[in-house]
>>> print(open('input-v4.cif').read())   # mmCIF, C-alpha atoms
data_start
loop_
_atom_site.label_atom_id
_atom_site.label_comp_id
_atom_site.auth_asym_id
_atom_site.auth_seq_id
_atom_site.Cartn_x
_atom_site.Cartn_y
_atom_site.Cartn_z
CA MET O 240 -124.87 14.95 -42.84
CA MET O 241 -124.33 16.14 -39.29
CA PHE O 242 -121.30 18.18 -40.37
CA ALA O 243 -123.47 20.18 -42.79
CA ASN O 244 -126.11 20.84 -40.13
CA ASN O 245 -123.51 21.94 -37.61
CA ASP O 246 -121.80 24.22 -40.11
CA PHE O 247 -125.14 25.69 -41.16
CA ASN O 248 -126.08 26.27 -37.52
CA ASP O 249 -122.74 28.00 -36.90
CA LEU O 250 -123.32 30.24 -39.92
CA THR O 251 -126.86 31.05 -38.78
CA ALA O 252 -125.62 31.83 -35.28
CA GLU O 253 -123.07 34.24 -36.72
CA PHE O 254 -125.81 36.13 -38.56
CA VAL O 255 -127.92 36.20 -35.37
CA ARG O 256 -124.98 37.66 -33.45
CA ASN O 257 -124.27 40.19 -36.20
CA PRO O 258 -127.48 40.70 -38.26
CA SER O 259 -126.04 43.82 -39.89
CA GLN O 260 -124.18 41.46 -42.26
CA LEU O 261 -127.51 40.90 -44.01
CA ILE O 262 -127.63 44.54 -45.13
CA GLY O 263 -125.14 43.79 -47.88
CA ILE O 264 -127.44 41.27 -49.58
CA PRO O 265 -130.14 43.66 -50.91
CA LEU O 266 -127.44 46.18 -51.82
CA ALA O 267 -125.61 43.53 -53.86
CA ILE O 268 -128.87 42.53 -55.60
CA VAL O 269 -129.57 46.14 -56.61
CA GLY O 270 -125.99 46.29 -57.89
CA ALA O 271 -126.63 43.17 -59.97
CA VAL O 272 -129.64 44.86 -61.62
CA PHE O 273 -127.53 47.88 -62.54
CA LEU O 274 -124.81 45.54 -63.81
CA SER O 275 -127.20 43.78 -66.19
CA LEU O 276 -128.67 47.04 -67.52
CA GLY O 277 -125.24 48.62 -67.86
CA ALA O 278 -123.95 45.63 -69.82
CA GLN O 279 -126.87 45.85 -72.25
CA PHE O 280 -126.36 49.56 -72.93
CA GLN O 281 -122.59 49.28 -73.21
CA HIS O 282 -122.92 46.37 -75.63
CA ARG O 283 -125.21 48.48 -77.79
CA GLY O 284 -122.74 51.36 -77.75
CA VAL O 285 -119.77 49.18 -78.71
CA THR O 286 -121.76 47.57 -81.53
CA LYS O 287 -122.78 50.97 -82.95
CA VAL O 288 -119.24 52.32 -82.80
CA GLU O 289 -117.90 49.23 -84.56
CA GLU O 290 -120.53 49.58 -87.32
CA ASN O 291 -119.90 53.31 -87.79
CA SER O 292 -116.11 53.00 -87.86
CA GLY O 293 -116.13 50.07 -90.27
CA VAL O 294 -113.26 48.51 -88.33
CA ASP O 295 -113.55 45.04 -86.80
CA ALA O 296 -113.01 45.45 -83.06
CA ARG O 297 -113.03 41.75 -82.15
CA SER O 298 -109.26 41.76 -81.74
CA GLY O 299 -109.25 44.95 -79.68
CA LEU O 300 -110.80 48.42 -79.79
CA ASN O 301 -108.47 51.06 -81.25
CA VAL O 302 -107.96 54.55 -79.86
CA GLY O 303 -110.39 56.12 -82.32
CA GLN O 304 -113.14 53.67 -81.35
CA LEU O 305 -112.53 54.32 -77.66
CA LYS O 306 -112.98 58.05 -78.28
CA GLN O 307 -116.20 57.39 -80.21
CA LEU O 308 -117.57 55.41 -77.28
CA LEU O 309 -117.46 58.55 -75.15
CA ALA O 310 -119.81 60.21 -77.64
CA ARG O 311 -122.35 57.35 -77.69
CA PRO O 312 -125.27 58.11 -75.33
CA SER O 313 -126.06 54.41 -74.87
CA TRP O 314 -122.48 53.59 -73.85
CA VAL O 315 -122.27 56.57 -71.50
CA LEU O 316 -125.59 55.58 -69.91
CA GLY O 317 -124.37 52.00 -69.57
CA SER O 318 -121.14 53.21 -67.95
CA LEU O 319 -123.15 55.30 -65.49
CA MET O 320 -125.21 52.24 -64.57
CA LEU O 321 -122.06 50.19 -64.09
CA ALA O 322 -120.73 52.94 -61.83
CA PHE O 323 -123.89 52.58 -59.74
CA ALA O 324 -123.40 48.80 -59.74
CA ILE O 325 -119.86 49.20 -58.41
CA ALA O 326 -121.02 51.71 -55.79
CA PHE O 327 -123.71 49.34 -54.51
CA GLN O 328 -121.29 46.41 -54.49
CA LEU O 329 -118.64 48.33 -52.57
CA THR O 330 -121.24 49.51 -50.07
CA ALA O 331 -122.41 45.92 -49.69
CA LEU O 332 -118.83 44.87 -48.94
CA VAL O 333 -118.76 47.33 -46.03
CA TRP O 334 -121.54 45.35 -44.36
CA SER O 335 -121.12 41.76 -45.56
CA PRO O 336 -118.27 39.30 -46.26
CA LEU O 337 -116.85 39.04 -49.77
CA ILE O 338 -117.90 35.39 -50.15
CA ILE O 339 -121.55 36.40 -49.68
CA VAL O 340 -121.65 39.66 -51.65
CA GLN O 341 -119.56 38.86 -54.72
CA PRO O 342 -121.44 35.81 -56.04
CA LEU O 343 -124.84 37.55 -55.85
CA GLY O 344 -123.80 39.18 -59.10
CA ALA O 345 -124.86 35.93 -60.78
CA ILE O 346 -128.39 37.31 -60.61
CA ALA O 347 -127.28 39.75 -63.30
CA LEU O 348 -126.77 36.83 -65.70
CA VAL O 349 -130.41 35.79 -65.50
CA ILE O 350 -131.64 39.38 -65.86
CA THR O 351 -129.30 40.10 -68.78
CA SER O 352 -130.28 36.89 -70.60
CA VAL O 353 -133.99 37.65 -70.37
CA LEU O 354 -133.53 41.32 -71.24
CA ASN O 355 -131.24 40.59 -74.21
CA ALA O 356 -133.67 37.99 -75.59
CA ARG O 357 -136.55 40.47 -75.36
CA ILE O 358 -134.61 43.31 -76.99
CA HIS O 359 -133.43 41.18 -79.92
CA LYS O 360 -136.78 39.33 -80.17
CA MET O 361 -135.15 35.93 -79.98
CA LYS O 362 -135.60 32.82 -77.92
CA LEU O 363 -132.71 31.25 -76.10
CA ASN O 364 -132.14 27.70 -77.27
CA ARG O 365 -132.20 24.75 -74.90
CA ALA O 366 -128.41 24.47 -74.77
CA SER O 367 -128.09 28.13 -73.74
CA VAL O 368 -130.68 27.75 -70.98
CA ILE O 369 -128.86 24.70 -69.64
CA ALA O 370 -125.55 26.58 -69.78
CA ILE O 371 -126.97 29.58 -67.89
CA SER O 372 -128.48 27.25 -65.29
CA ALA O 373 -125.10 25.54 -64.88
CA CYS O 374 -123.39 28.91 -64.37
CA VAL O 375 -125.84 30.07 -61.72
CA GLY O 376 -126.06 26.65 -60.05
CA GLY O 377 -122.30 26.23 -59.97
CA VAL O 378 -121.75 29.65 -58.43
CA ALA O 379 -124.52 29.05 -55.89
CA LEU O 380 -122.99 25.71 -54.85
CA PHE O 381 -119.49 27.19 -54.70
CA VAL O 382 -120.60 30.03 -52.45
CA THR O 383 -122.73 27.82 -50.24
CA VAL O 384 -119.74 25.60 -49.50
CA ALA O 385 -117.52 28.65 -48.98
CA ALA O 386 -120.03 30.20 -46.58
CA LEU O 387 -120.09 27.01 -44.51
CA VAL O 388 -116.35 26.54 -44.16
CA ALA O 389 -114.79 29.98 -44.68
CA GLY O 390 -114.50 32.95 -42.38
CA GLU O 391 -112.88 36.36 -42.63
CA LYS O 392 -109.47 36.76 -41.03
CA PRO O 393 -107.17 39.77 -40.62
CA VAL O 394 -105.13 40.35 -43.78
CA THR O 395 -101.43 40.46 -43.01
CA THR O 396 -98.87 42.51 -44.90
CA VAL O 397 -97.40 39.32 -46.38
CA ASP O 398 -100.84 38.21 -47.57
CA LEU O 399 -101.51 41.54 -49.22
CA LEU O 400 -98.12 41.64 -50.92
CA THR O 401 -98.74 38.11 -52.20
CA VAL O 402 -102.06 39.22 -53.75
CA LEU O 403 -100.37 42.23 -55.37
CA VAL O 404 -97.58 40.10 -56.84
CA MET O 405 -100.09 37.58 -58.17
CA LEU O 406 -102.10 40.40 -59.76
CA GLY O 407 -98.95 41.76 -61.38
CA VAL O 408 -98.17 38.34 -62.88
CA VAL O 409 -101.76 37.96 -64.13
CA LEU O 410 -101.70 41.40 -65.79
CA VAL O 411 -98.40 40.65 -67.51
CA VAL O 412 -99.63 37.26 -68.77
CA PHE O 413 -102.84 38.69 -70.23
CA ALA O 414 -101.03 41.69 -71.68
CA LEU O 415 -98.64 39.36 -73.52
CA GLY O 416 -101.55 37.21 -74.64
CA PHE O 417 -103.32 40.28 -76.00
CA VAL O 418 -100.25 41.54 -77.85
CA PHE O 419 -99.33 38.25 -79.50
CA PHE O 420 -102.65 36.43 -79.88
CA ARG O 421 -105.37 39.08 -80.05
CA LYS O 422 -106.08 38.53 -83.78
CA ARG O 423 -106.88 34.88 -83.01
CA SER O 424 -108.62 35.55 -79.72
CA LYS O 425 -112.37 35.32 -79.36
CA ALA O 426 -114.77 36.82 -76.87
CA LEU O 427 -114.07 34.03 -74.38
CA PHE O 428 -110.42 35.08 -73.99
CA PHE O 429 -111.36 38.66 -73.13
CA ILE O 430 -114.19 37.52 -70.84
CA LEU O 431 -111.96 35.14 -68.88
CA ALA O 432 -109.21 37.77 -68.67
CA ALA O 433 -111.63 40.39 -67.34
CA GLY O 434 -113.21 37.93 -64.90
CA ILE O 435 -109.87 36.88 -63.41
CA ILE O 436 -108.67 40.47 -63.14
CA TYR O 437 -111.92 41.62 -61.54
CA GLY O 438 -111.62 38.81 -59.00
CA PHE O 439 -108.42 40.48 -57.78
CA VAL O 440 -110.13 43.89 -57.92
CA ALA O 441 -112.92 42.66 -55.63
CA THR O 442 -110.39 41.28 -53.14
CA LEU O 443 -108.36 44.49 -53.11
CA ALA O 444 -111.52 46.59 -52.80
CA LYS O 445 -112.56 44.64 -49.70
CA VAL O 446 -109.08 45.03 -48.19
CA VAL O 447 -108.97 48.78 -48.88
CA ILE O 448 -112.45 49.27 -47.40
CA ASN O 449 -111.49 47.38 -44.25
CA ARG O 450 -108.28 49.37 -43.86
CA ILE O 451 -110.08 52.68 -44.30
CA VAL O 452 -112.81 51.69 -41.84
CA ASN O 453 -110.14 50.64 -39.33
CA GLU O 454 -108.14 53.85 -39.95
CA ASN O 455 -105.17 51.87 -41.23
CA PHE O 456 -104.41 53.92 -44.34
CA ASP O 457 -100.70 53.40 -44.96
CA TRP O 458 -98.40 53.18 -48.01
CA LEU O 459 -99.51 49.62 -48.68
CA THR O 460 -103.13 50.73 -48.81
CA VAL O 461 -102.17 53.42 -51.35
CA LEU O 462 -100.40 50.76 -53.42
CA CYS O 463 -103.56 48.64 -53.29
CA VAL O 464 -105.66 51.56 -54.53
CA VAL O 465 -103.26 52.17 -57.43
CA ALA O 466 -103.27 48.46 -58.35
CA LEU O 467 -107.05 48.35 -58.02
CA LEU O 468 -107.54 51.31 -60.40
CA ALA O 469 -105.04 49.95 -62.94
CA ALA O 470 -106.64 46.50 -62.91
CA THR O 471 -110.12 48.00 -63.21
CA GLY O 472 -109.10 49.95 -66.30
CA ILE O 473 -107.48 46.96 -68.00
CA GLY O 474 -110.41 44.71 -67.14
CA ALA O 475 -112.85 47.30 -68.51
CA TYR O 476 -110.97 47.39 -71.83
CA PHE O 477 -111.19 43.61 -72.13
CA VAL O 478 -114.93 43.76 -71.39
CA GLN O 479 -115.56 46.38 -74.09
CA THR O 480 -113.63 44.30 -76.60
CA ALA O 481 -115.63 41.21 -75.63
CA TYR O 482 -118.86 43.10 -76.41
CA SER O 483 -117.77 43.41 -80.06
CA SER O 484 -117.74 39.64 -80.58
CA GLY O 485 -120.18 38.26 -78.02
CA PRO O 486 -123.67 38.96 -76.65
CA PRO O 487 -123.96 40.79 -73.31
CA ASP O 488 -125.27 37.74 -71.44
CA LEU O 489 -122.18 35.75 -72.46
CA VAL O 490 -119.96 38.56 -71.15
CA ILE O 491 -121.92 38.75 -67.89
CA ALA O 492 -121.81 34.94 -67.61
CA GLY O 493 -118.03 34.98 -67.70
CA LEU O 494 -117.76 37.83 -65.24
CA THR O 495 -120.30 36.56 -62.71
CA VAL O 496 -118.76 33.08 -62.72
CA VAL O 497 -115.04 33.74 -62.96
CA ASP O 498 -114.95 36.93 -60.89
CA PRO O 499 -116.46 35.54 -57.65
CA MET O 500 -114.64 32.22 -57.94
CA VAL O 501 -111.28 33.94 -58.28
CA ALA O 502 -112.09 36.27 -55.39
CA VAL O 503 -113.18 33.39 -53.16
CA ALA O 504 -110.20 31.27 -54.25
CA ILE O 505 -107.83 34.08 -53.26
CA GLY O 506 -109.58 34.28 -49.91
CA ILE O 507 -109.20 30.54 -49.38
CA VAL O 508 -105.70 29.93 -50.75
CA VAL O 509 -103.89 33.20 -49.98
CA LEU O 510 -105.85 34.78 -47.13
CA ASP O 511 -106.39 31.40 -45.41
CA GLU O 512 -110.13 31.98 -44.97
CA ALA O 513 -110.92 28.26 -45.14
CA SER O 514 -108.08 26.73 -43.18
CA GLY O 515 -108.92 23.26 -42.01
CA ALA O 516 -111.75 22.83 -44.50
CA PRO O 517 -112.88 19.17 -44.63
CA LEU O 518 -112.56 16.89 -47.65
CA TRP O 519 -116.25 17.24 -48.57
CA ALA O 520 -115.77 21.02 -48.92
CA MET O 521 -112.82 20.58 -51.28
CA ILE O 522 -114.86 18.16 -53.39
CA GLY O 523 -117.73 20.65 -53.37
CA PHE O 524 -115.45 23.45 -54.56
CA ALA O 525 -114.15 21.29 -57.40
CA VAL O 526 -117.60 20.13 -58.55
CA ALA O 527 -119.06 23.65 -58.37
CA GLY O 528 -116.13 25.17 -60.24
CA VAL O 529 -116.25 22.61 -63.03
CA LEU O 530 -120.03 23.01 -63.39
CA ALA O 531 -119.94 26.81 -63.57
CA VAL O 532 -116.97 27.02 -65.95
CA TRP O 533 -118.53 24.31 -68.15
CA GLY O 534 -121.63 26.51 -68.33
CA VAL O 535 -119.60 29.49 -69.57
CA PHE O 536 -117.90 27.45 -72.30
CA GLN O 537 -121.22 25.91 -73.36
CA LEU O 538 -122.85 29.32 -73.55
CA ALA O 539 -119.95 30.54 -75.69
CA ARG O 540 -120.57 27.63 -78.08
CA HIS O 541 -124.34 27.54 -78.28
CA HIS O 542 -125.65 31.08 -77.72
CA PRO O 543 -127.78 32.16 -80.73
CA GLN O 544 -125.89 35.45 -81.08
CA VAL O 545 -122.35 34.07 -80.94
CA GLN O 546 -120.51 34.96 -84.13
CA PRO O 547 -118.51 32.23 -85.89
#
>>> encode(input="input-v4.cif", output="structure tokens")
Amino acid sequence: MMFANNDFNDLTAEFVRNPSQLIGIPLAIVGAVFLSLGAQFQHRGVTKVEENSGVDARSGLNVGQLKQLLARPSWVLGSLMLAFAIAFQLTALVWSPLIIVQPLGAIALVITSVLNARIHKMKLNRASVIAISACVGGVALFVTVAALVAGEKPVTTVDLLTVLVMLGVVLVVFALGFVFFRKRSKALFFILAAGIIYGFVATLAKVVINRIVNENFDWLTVLCVVALLAATGIGAYFVQTAYSSGPPDLVIAGLTVVDPMVAVAIGIVVLDEASGAPLWAMIGFAVAGVLAVWGVFQLARHHPQVQP
């Protein structure tokens, strides 16, 4: 295992040379706490609106329900907490690499699961606990491997345009899926859609922050901001719809697993942040990804609050 020791030593040396990178870690953890609390309050708001309107929102919230959400104190409070979560995450990205900051959101899954169980006075079954452990463990393994073999590189114009085109394709695919299959879609569809979209949002946010810090604010940066805002809005709609048919910890599980994996995958495949990665790293990525995604699907099947 000499390769692992050498890689770990290189990573440690990098933090010793630039200890300010560690500042992003506590900021990301605070953001994860706000994320878990915000999810709980937003879930409560969506549930109340659905009950009061008498309209099933599992296939998509209508305009009237969206307006009612703005009048629900719990949903507004949850949105405020999510705004704080985003602010802390973006600040963390100023100090630390994306592959370190983004996956720390998995802490929110544990907090949300415990909090949701307490609020609803229920006990998570064994299958749910195993699924949550698989989600957190898979993300932890994925990020550990990424931290050992990946490194930030300058983002070229071609790279950024590639990310924007990929995001456009993803948005079109999910939009078509929503239009044609939303009546048959379950919470998992909306969770996966939001997670994938937010993975692109995290990547674009990091790029925009770097360009602003380096005083490189050009037309492409403006395009990134527009794409980031549009994707954030669409992802948020999918999340709110997911709350109507799934518990908050299932929603957070999907987001904290899919979101960082997509962001890291973009960094590796498109931004070439893991060029020359050895075979053991590729195997590690595959094993970690399968484990984490399996956890999400198992939680969707076995969570006590999942509706048939």
>>> atom_distance(input="input-v4.cif", atom1="CA of Ile325 (chain O)", atom2="CA of Gly270 (chain O)")
6.8 Å
>>> resolve_selection(input="input-v4.cif", expression="the PyMOL selection byres ((chain O and resi 521-536) around 8)", output="PyMOL selection string")
chain O and resi 369-378+380-381+384-385+427+489+492-493+496-497+500+516-520+537-540
>>> atom_distance(input="input-v4.cif", atom1="CA of Leu276 (chain O)", atom2="CA of Ile448 (chain O)")
25.9 Å
>>> closest_residue(input="input-v4.cif", among="O:Ser367, O:Ala504, O:Leu510, O:Phe477", to="Val382 (chain O)", atoms="only C-alpha atoms")
O:Ala504
>>> closest_residue(input="input-v4.cif", among="O:Leu300, O:Leu462, O:Met361, O:Ala470", to="Val409 (chain O)", atoms="all atoms listed in the file")
O:Ala470
>>> resolve_selection(input="input-v4.cif", expression="the PyMOL selection byres ((chain O and resi 398) around 12)", output="JSON, numbers by chain")
{"O": [392, 393, 394, 395, 396, 397, 399, 400, 401, 402, 403, 404, 405, 442, 443, 446, 459, 505, 506, 507, 508, 509, 510, 511, 512]}
>>> atom_distance(input="input-v4.cif", atom1="CA of Val368 (chain O)", atom2="CA of His541 (chain O)")
9.7 Å
>>> closest_residue(input="input-v4.cif", among="O:Leu329, O:Leu406, O:Tyr437, O:Ala347", to="Pro487 (chain O)", atoms="all atoms listed in the file")
O:Ala347
>>> resolve_selection(input="input-v4.cif", expression="the PyMOL selection byres ((chain O and resi 303-319) around 9)", output="PDB file with C-alpha atoms, in the coordinates of the input")
ATOM      1  CA  PHE O 273    -127.530  47.880 -62.540  1.00  0.00           C
ATOM      2  CA  LEU O 274    -124.810  45.540 -63.810  1.00  0.00           C
ATOM      3  CA  LEU O 276    -128.670  47.040 -67.520  1.00  0.00           C
ATOM      4  CA  GLY O 277    -125.240  48.620 -67.860  1.00  0.00           C
ATOM      5  CA  ALA O 278    -123.950  45.630 -69.820  1.00  0.00           C
ATOM      6  CA  GLN O 279    -126.870  45.850 -72.250  1.00  0.00           C
ATOM      7  CA  PHE O 280    -126.360  49.560 -72.930  1.00  0.00           C
ATOM      8  CA  GLN O 281    -122.590  49.280 -73.210  1.00  0.00           C
ATOM      9  CA  HIS O 282    -122.920  46.370 -75.630  1.00  0.00           C
ATOM     10  CA  ARG O 283    -125.210  48.480 -77.790  1.00  0.00           C
ATOM     11  CA  GLY O 284    -122.740  51.360 -77.750  1.00  0.00           C
ATOM     12  CA  VAL O 285    -119.770  49.180 -78.710  1.00  0.00           C
ATOM     13  CA  LYS O 287    -122.780  50.970 -82.950  1.00  0.00           C
ATOM     14  CA  VAL O 288    -119.240  52.320 -82.800  1.00  0.00           C
ATOM     15  CA  GLU O 289    -117.900  49.230 -84.560  1.00  0.00           C
ATOM     16  CA  SER O 292    -116.110  53.000 -87.860  1.00  0.00           C
ATOM     17  CA  VAL O 294    -113.260  48.510 -88.330  1.00  0.00           C
ATOM     18  CA  ALA O 296    -113.010  45.450 -83.060  1.00  0.00           C
ATOM     19  CA  LEU O 300    -110.800  48.420 -79.790  1.00  0.00           C
ATOM     20  CA  ASN O 301    -108.470  51.060 -81.250  1.00  0.00           C
ATOM     21  CA  VAL O 302    -107.960  54.550 -79.860  1.00  0.00           C
ATOM     22  CA  MET O 320    -125.210  52.240 -64.570  1.00  0.00           C
ATOM     23  CA  LEU O 321    -122.060  50.190 -64.090  1.00  0.00           C
ATOM     24  CA  ALA O 322    -120.730  52.940 -61.830  1.00  0.00           C
ATOM     25  CA  PHE O 323    -123.890  52.580 -59.740  1.00  0.00           C
ATOM     26  CA  ALA O 324    -123.400  48.800 -59.740  1.00  0.00           C
TER      27      ALA O 324
END
>>> residues_around(input="input-v4.cif", residues="Ile350 (chain O)", least_positions_apart="2", cutoff="9 Å", atoms="all atoms listed in the file", output="list in words")
Ala271, Val272, Ser275, Leu276, Ile346, Ala347, Leu348, Ser352, Val353, Leu354, Asn355 and Asp488 of chain O
>>> closest_residue(input="input-v4.cif", among="O:Ala469, O:Ile268, O:Ile430, O:Ala331", to="Ala345 (chain O)", atoms="only C-alpha atoms")
O:Ile268
>>> residues_around(input="input-v4.cif", residues="Phe413 (chain O)", least_positions_apart="4", cutoff="10 Å", atoms="only C-alpha atoms", output="short mmCIF file (atom, residue, chain, number, x, y, z; two decimals) with C-alpha atoms, keeping the file's coordinate frame")
data_model
loop_
_atom_site.label_atom_id
_atom_site.label_comp_id
_atom_site.auth_asym_id
_atom_site.auth_seq_id
_atom_site.Cartn_x
_atom_site.Cartn_y
_atom_site.Cartn_z
CA VAL O 408 -98.17 38.34 -62.88
CA VAL O 409 -101.76 37.96 -64.13
CA PHE O 417 -103.32 40.28 -76.00
CA VAL O 418 -100.25 41.54 -77.85
CA PHE O 419 -99.33 38.25 -79.50
CA PHE O 420 -102.65 36.43 -79.88
CA PHE O 428 -110.42 35.08 -73.99
CA PHE O 429 -111.36 38.66 -73.13
CA LEU O 431 -111.96 35.14 -68.88
CA ALA O 432 -109.21 37.77 -68.67
CA ALA O 433 -111.63 40.39 -67.34
CA ILE O 435 -109.87 36.88 -63.41
CA ILE O 436 -108.67 40.47 -63.14
CA ILE O 473 -107.48 46.96 -68.00
CA PHE O 477 -111.19 43.61 -72.13
#
>>> build_atoms(input="input-v4.cif", residues="region 404-412 of chain O", atoms="all heavy atoms", output="CSV table (one decimal), keeping the file's coordinate frame")
chain,number,residue,atom,x,y,z
O,404,VAL,N,-98.5,40.8,-55.9
O,404,VAL,CA,-97.6,40.1,-56.8
O,404,VAL,C,-98.3,39.2,-57.8
O,404,VAL,O,-98.0,39.2,-59.0
O,404,VAL,CB,-96.5,39.3,-56.0
O,404,VAL,CG1,-95.7,38.4,-57.0
O,404,VAL,CG2,-95.6,40.2,-55.3
O,405,MET,N,-99.3,38.4,-57.3
O,405,MET,CA,-100.1,37.6,-58.2
O,405,MET,C,-100.8,38.4,-59.2
O,405,MET,O,-100.9,38.0,-60.4
O,405,MET,CB,-101.1,36.8,-57.3
O,405,MET,CG,-100.4,35.7,-56.5
O,405,MET,SD,-101.7,34.9,-55.4
O,405,MET,CE,-102.8,34.2,-56.5
O,406,LEU,N,-101.4,39.5,-58.8
O,406,LEU,CA,-102.1,40.4,-59.8
O,406,LEU,C,-101.1,40.9,-60.8
O,406,LEU,O,-101.5,40.9,-62.0
O,406,LEU,CB,-102.7,41.6,-59.0
O,406,LEU,CG,-103.4,42.7,-59.9
O,406,LEU,CD1,-104.5,42.1,-60.8
O,406,LEU,CD2,-103.9,43.8,-59.0
O,407,GLY,N,-99.9,41.3,-60.4
O,407,GLY,CA,-99.0,41.8,-61.4
O,407,GLY,C,-98.6,40.7,-62.4
O,407,GLY,O,-98.5,41.0,-63.6
O,408,VAL,N,-98.5,39.5,-62.0
O,408,VAL,CA,-98.2,38.3,-62.9
O,408,VAL,C,-99.3,38.1,-63.8
O,408,VAL,O,-99.2,37.9,-65.1
O,408,VAL,CB,-97.9,37.1,-62.1
O,408,VAL,CG1,-97.8,35.9,-63.0
O,408,VAL,CG2,-96.6,37.2,-61.3
O,409,VAL,N,-100.6,38.2,-63.3
O,409,VAL,CA,-101.8,38.0,-64.1
O,409,VAL,C,-101.9,39.0,-65.2
O,409,VAL,O,-102.1,38.8,-66.4
O,409,VAL,CB,-103.0,38.0,-63.2
O,409,VAL,CG1,-104.3,38.1,-64.1
O,409,VAL,CG2,-103.1,36.7,-62.4
O,410,LEU,N,-101.6,40.3,-64.8
O,410,LEU,CA,-101.7,41.4,-65.8
O,410,LEU,C,-100.7,41.2,-66.9
O,410,LEU,O,-100.9,41.5,-68.1
O,410,LEU,CB,-101.5,42.7,-65.1
O,410,LEU,CG,-102.7,43.2,-64.1
O,410,LEU,CD1,-102.3,44.5,-63.5
O,410,LEU,CD2,-104.0,43.2,-64.9
O,411,VAL,N,-99.5,40.8,-66.5
O,411,VAL,CA,-98.4,40.6,-67.5
O,411,VAL,C,-98.8,39.5,-68.5
O,411,VAL,O,-98.6,39.6,-69.7
O,411,VAL,CB,-97.0,40.4,-66.8
O,411,VAL,CG1,-96.0,39.9,-67.9
O,411,VAL,CG2,-96.5,41.6,-66.1
O,412,VAL,N,-99.3,38.4,-67.9
O,412,VAL,CA,-99.6,37.3,-68.8
O,412,VAL,C,-100.7,37.6,-69.8
O,412,VAL,O,-100.6,37.3,-71.0
O,412,VAL,CB,-100.1,36.1,-67.9
O,412,VAL,CG1,-100.7,35.0,-68.8
O,412,VAL,CG2,-98.9,35.5,-67.1
